[in-house]
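Report on the structure given below.
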Amino acid sequence: MSKRREVSSIVAITPDGRLYARHYRTSVSSNTVISALRYFRRKIGTPLLVVWDRLNAHRSQVTTAFIADHPQDYAVAYLPAYAPELNPEEQCNACVKRAMESALPGSVADLHRLARREFGRLQQRPELITSFFRHAGLSVAG
């Protein structure tokens, strides 16, 4: 288990303001990335353009092999090295972290519930999610 945190979230957002999140009580690994990709593909229903930062789990042999085995489902584009301002998902994380900054969870389970609740609240604000794309300088046109 990660020494840095107890709950990790993997988020998919769409330019039309939809948000999908998976929460794990471990650090992000190739297995959690692949699990989340499968979930997002089922939920969204169309082939996905996955825009990633340079996280090791995104670039691992296991993850890249999974993507290569499913070319009809996923296409990948990488952000430049350390470019959080170009990643609209970073704005989602910042919003959730701000909402949770005064929380004092008593357990990992409480932290997990708080993260789910705050991402759920963000899901109800598609106009805010589309603003994250504009903030990153990306078009939100269909």
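Residue names in the structure tokens use chain letters A, B, ... in the order shown, residue numbers from 1 in each chain, and ligand numbers from 1 in the order shown.
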Each segment 34-100 of chain A residue no farther than 10 Å from segment 109-121 of chain A, nearest pair in Å, only C-alpha atoms, as a tab-separated table:
residue	atom	partner	partner_atom	distance
A:Cys92	CA	A:Phe119	CA	8.1
A:Asn93	CA	A:Phe119	CA	8.7
A:Cys95	CA	A:Glu118	CA	8.7
A:Val96	CA	A:Glu118	CA	5.7
A:Lys97	CA	A:Ala115	CA	8.6
A:Arg98	CA	A:Glu118	CA	9.8
A:Ala99	CA	A:Glu118	CA	7.0
A:Met100	CA	A:Leu114	CA	7.4
*Can you tell me, as number ranges by chain, what residues are no more than 7 Å from Arg25 of chain A when counting only C-alpha atoms, ignoring any on the same chain fewer than 6 positions away?*
A: 6-8
Include all heavy atoms and write out the residues we just selected as a PDB file, in the first residue's frame.
ATOM      1  N   GLU A   6      -4.032   6.774   1.077  1.00  0.00           N
ATOM      2  CA  GLU A   6      -4.761   5.526   1.296  1.00  0.00           C
ATOM      3  C   GLU A   6      -5.845   5.288   0.256  1.00  0.00           C
ATOM      4  O   GLU A   6      -6.267   4.181   0.064  1.00  0.00           O
ATOM      5  CB  GLU A   6      -5.406   5.535   2.685  1.00  0.00           C
ATOM      6  CG  GLU A   6      -4.411   5.622   3.815  1.00  0.00           C
ATOM      7  CD  GLU A   6      -3.733   4.311   4.123  1.00  0.00           C
ATOM      8  OE1 GLU A   6      -4.176   3.265   3.626  1.00  0.00           O
ATOM      9  OE2 GLU A   6      -2.749   4.337   4.862  1.00  0.00           O
ATOM     10  N   VAL A   7      -6.308   6.345  -0.410  1.00  0.00           N
ATOM     11  CA  VAL A   7      -7.350   6.218  -1.423  1.00  0.00           C
ATOM     12  C   VAL A   7      -6.873   6.930  -2.684  1.00  0.00           C
ATOM     13  O   VAL A   7      -6.453   8.071  -2.635  1.00  0.00           O
ATOM     14  CB  VAL A   7      -8.692   6.821  -0.952  1.00  0.00           C
ATOM     15  CG1 VAL A   7      -9.730   6.799  -2.058  1.00  0.00           C
ATOM     16  CG2 VAL A   7      -9.208   6.082   0.280  1.00  0.00           C
ATOM     17  N   SER A   8      -6.940   6.222  -3.813  1.00  0.00           N
ATOM     18  CA  SER A   8      -6.590   6.803  -5.107  1.00  0.00           C
ATOM     19  C   SER A   8      -7.832   6.820  -5.973  1.00  0.00           C
ATOM     20  O   SER A   8      -8.650   5.899  -5.908  1.00  0.00           O
ATOM     21  CB  SER A   8      -5.514   5.961  -5.798  1.00  0.00           C
ATOM     22  OG  SER A   8      -4.335   5.929  -5.033  1.00  0.00           O
TER      23      SER A   8
END
*Please identify which residues in chain A DSSP calls alpha helix (DSSP H) from the backbone, and express them as number ranges by chain.*
A: 30-44, 56-59, 61-69, 88-100, 108-123, 126-135
*Any idea what's packed within 7 Å of Gly17 of chain A, counting only C-alpha atoms, ignoring anything in its chain fewer than 4 positions away? Could you give it as an NGL selection string?*
:A and (13 or 126-127 or 129-130)
Write the selection just made, keeping N, CA and C atoms, as a JSON list (two decimals), in the first residue's frame?
[["chain", "number", "residue", "atom", "x", "y", "z"],
["A", 13, "ILE", "N", -13.33, 12.13, -17.74],
["A", 13, "ILE", "CA", -14.27, 13.23, -17.97],
["A", 13, "ILE", "C", -14.45, 13.39, -19.47],
["A", 126, "PRO", "N", -22.06, 19.54, -14.61],
["A", 126, "PRO", "CA", -21.40, 19.40, -15.92],
["A", 126, "PRO", "C", -20.84, 20.70, -16.47],
["A", 127, "GLU", "N", -21.46, 21.83, -16.12],
["A", 127, "GLU", "CA", -20.94, 23.12, -16.61],
["A", 127, "GLU", "C", -19.57, 23.41, -16.02],
["A", 129, "ILE", "N", -17.39, 21.02, -15.15],
["A", 129, "ILE", "CA", -16.49, 20.06, -15.81],
["A", 129, "ILE", "C", -16.09, 20.59, -17.20],
["A", 130, "THR", "N", -17.06, 21.12, -17.96],
["A", 130, "THR", "CA", -16.70, 21.65, -19.28],
["A", 130, "THR", "C", -15.76, 22.86, -19.14]]
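Shortest separation to Val33 of chain A among A:Asp16, A:Leu48, A:Ser131, A:Val62 occurs at residue A:Val62, atoms counted being only C-alpha atoms.
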